[in-house]
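Novice: Below is the structure I would like to discuss, written out as structure tokens.
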Amino acid sequence: GHRVCTTDRGPASVLGSMDPLRSSAQAMLDELHPAALFLLPFAVQQAMGMDLEGVAAELARSSNTHILTLQSLALDGDWLDGWATVFSALAERVPSVPERHPDSVCLAGLMHTRDEADDVANVQGVTGLLDALGLTVESVWSGGGTVEQLMRAAGCRHLVGLPHAAPFASGLATAVGARFCDATLPVGLSGTTEFLRAVGGATGRAREAEQLARAETRRCAALLNNFVSTMADDISVALLADRDMAPALHGALTEIGIDVPLTGILSARSLPESISTLSGRVAVDPSFPAWEELLFEAAQGGVQMVVGSGLSEVAAHKAGVDLVELGFPSANTHFLTPAPYLGYQGFLRIVERIANTYSQGVARKRLDAAARTGRN
């Protein structure tokens with residue numbers, strides 16, 4: 001994975017002079033030899049015209065490190081905009097390579113946020129789908145690899161862009177001369193099938209993609225059959241996820257009969273059109289108090305759990321519902337064995353976790369009722 005360090009320089013320490021920042025950055029270059037160094041100002045420094053470009057140019061003269069300057073989005077940006085800004089800056093450093101393997105692929109847009117077995121398995125699962133089509137994944141943005149591995153996008157024939165990479169994927173493809181494929185997020189049965197069809201159509205493997213999608217859908221449907229016929233209609237969940245994950249997860253769960261009366265979107269800008277088609281109540285970028293109130297009301301209406309971001313921890317506790325952490329952030333759920341949530345296998349794991357949480361909740365209620373009867 002990546003080692004992330006900071007100069008720990010607050011706004012006051014660099015308002016009068018750039019020397020503290022310059023010396024701290026140079027020390028990091030000398031001691032850590034990083035592959036990339038980002039210079040990011042606080043909003044007040046940016047407003048005052050902080051000359052990061054000058055510092056970057058000075059540092060670059062004595063280093064082989066990619067030294068990149070970023071703009072602060074603290075006052076008017078969305079957190080996903082910040083994520084994309086980092087990769088947009090790196091994309092500008094990827095060289096163009098004239099020779100490329102016809103089956104090589106760069107996959108852009110995976111939200112790899114930690115080196116645990118959920119995010120690691122997502123990378124393995126999605127790249128495995130591409131491998132099954134006869135493609136070779138050379139570079140994943142971001143897959144927990146090195147900057148050098150990111151730069152291998154330069155030699156790729158195809159660039160598959162997931163929704164999270166929308167701000168930079170097509171530009172990266174143009175810069176390196178790769179054929180761009182705009183793909184959906186592979187969440188759920190239909191979502192993953194749409195992903196395969198998009199990739200298959202863009203790479204001349206439409207028939208292989210259709211065969212793989214049919215086989216995997218049949219396999220998953222057989223495993224899901226008992227759950228769908230005996231349990232799905234009894235489950236009601238709320239979702240809290242980012243602007244791309246939320247609608248994808250909503251569609252995947254409602255497709256198999258799970259009720260989703262409330263969806264919270266952890267984004268304020270660049271919302272996809274798919275959000276307007278979601279059933280139930282949709283809250284865009286709710287504050288913590290607002291989400292607590294919405295979830296409490298939903299719990300009174302029968303919602304049994306929240307699926308998605310760990311930011312629902314307090315709200316779920318106050319509402320008396322369970323929390324199935326999935327995606328970013330997942331502070332209290334950890335995995336030692338593969339636990340993906342993308343692709344066909346990832347959807348099976350999502351349903352498995354929801355089903356177990358539901359069953360345990362039913363068991364608790366039954367035991368609580370028995371205990372109250374005994375006391376009476």
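To be explicit about the labels: the chains of the structure tokens are called A, B, and onward in the order shown, and within each one the residues are counted from 1, while ligands get numbers from 1 in the order they are shown.
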Neighbouring residues of Gly343 of chain A were defined as those with any atom within 7 Å, considering only C-alpha atoms; residues of the same chain fewer than 5 positions away were excluded. Please report them as number ranges by chain.
Specialist: A: 125-126, 186-188, 192
Novice: Got a sec: who's within 8 Å of Pro247 of chain A, counting only C-alpha atoms, leaving out chain neighbours fewer than 6 positions off, as an NGL selection string?
Specialist: :A and (274-275 or 278)
Novice: Report as a ChimeraX atom specification all protein, DNA and RNA residues lying within 9 Å of segment 146-159 of chain A, evaluated on only C-alpha atoms, omitting residues in the same chain fewer than 3 positions from it.
Specialist: /A:1-2,35-36,90-91,93-108,137-143,169-170,172-173,175-182,202-203
Novice: Under the rule that only C-alpha atoms are counted, which of A:Tyr341, A:Phe38, A:Phe335, A:Trp291 is the nearest residue to Leu311 of chain A?
Specialist: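 Of A:Tyr341, A:Phe38, A:Phe335, A:Trp291, the one nearest Leu311 of chain A, counting only C-alpha atoms, is A:Trp291.
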Novice: Mind checking which residues fall within 12 Å of Pro272 of chain A, counting only C-alpha atoms, ignoring those fewer than 5 positions away in the same chain, and posting them as a ChimeraX atom specification?
Specialist: /A:163-164,166,184,242-248,265,267,277-278,284
Novice: When you look at Ala268 of chain A with a cut-off of 12 Å (counting only C-alpha atoms), what residues show up, excluding the ones that are within fewer than 4 positions of it in the same chain? I need them as a ChimeraX atom specification.
Specialist: /A:76-81,241-244,264,272,283-287
Novice: How close does each residue of segment 156-265 of chain A get to segment 356-374 of chain A, giving the shortest atom pair and distance in Å to one decimal for every residue with an atom at most 12 Å away, counting only C-alpha atoms, sorted by chain and residue number, as CSV?
Specialist:
```
residue,atom,partner,partner_atom,distance
A:Phe227,CA,A:Asn356,CA,10.7
A:Thr230,CA,A:Ser359,CA,11.7
A:Met231,CA,A:Tyr358,CA,9.0
A:Ala232,CA,A:Tyr358,CA,9.8
A:Asp233,CA,A:Tyr358,CA,11.7
A:Asp234,CA,A:Tyr358,CA,9.1
A:Ile235,CA,A:Tyr358,CA,7.1
A:Ser236,CA,A:Tyr358,CA,9.3
A:Val237,CA,A:Tyr358,CA,9.8
A:Ile258,CA,A:Tyr358,CA,11.5
```
Novice: Please compute the atom CA of Leu294 of chain A-atom CA of Leu262 of chain A distance, one decimal, in Å.
Specialist: 8.1 Å
Novice: Hey, can you check how far atom CA of Leu212 of chain A sits from atom CA of Ala132 of chain A?
Specialist: 7.8 Å
Novice: Identify all residues of segment 61-208 of chain A in helix (DSSP H, G or I) (DSSP on the backbone) and supply them as a PyMOL selection string.
Specialist: chain A and resi 79-91+117-132+147-155+163-165+169-176+188-203+206-208
Novice: Please, which residues of segment 316-351 of chain A, numbered as in this document, come out strand (DSSP E) from DSSP, as a list in words?
Specialist: Asp322, Leu323, Val324 and Glu325 of chain A
Novice: Can you tell me which residues surround segment 318-322 of chain A at a distance of at most 10 Å, considering only C-alpha atoms, apart from same-chain residues fewer than 2 positions away, and format the answer as a ChimeraX atom specification?
Specialist: /A:237-238,292-300,302-307,312-316,324-325,354,357-358,360-361
Novice: Expressed in Å to a single decimal, how great is the separation between atom CA of Ala183 of chain A and atom CA of Ser330 of chain A?
Specialist: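 One can read the atom CA of Ala183 of chain A to atom CA of Ser330 of chain A distance as 25.4 Å.
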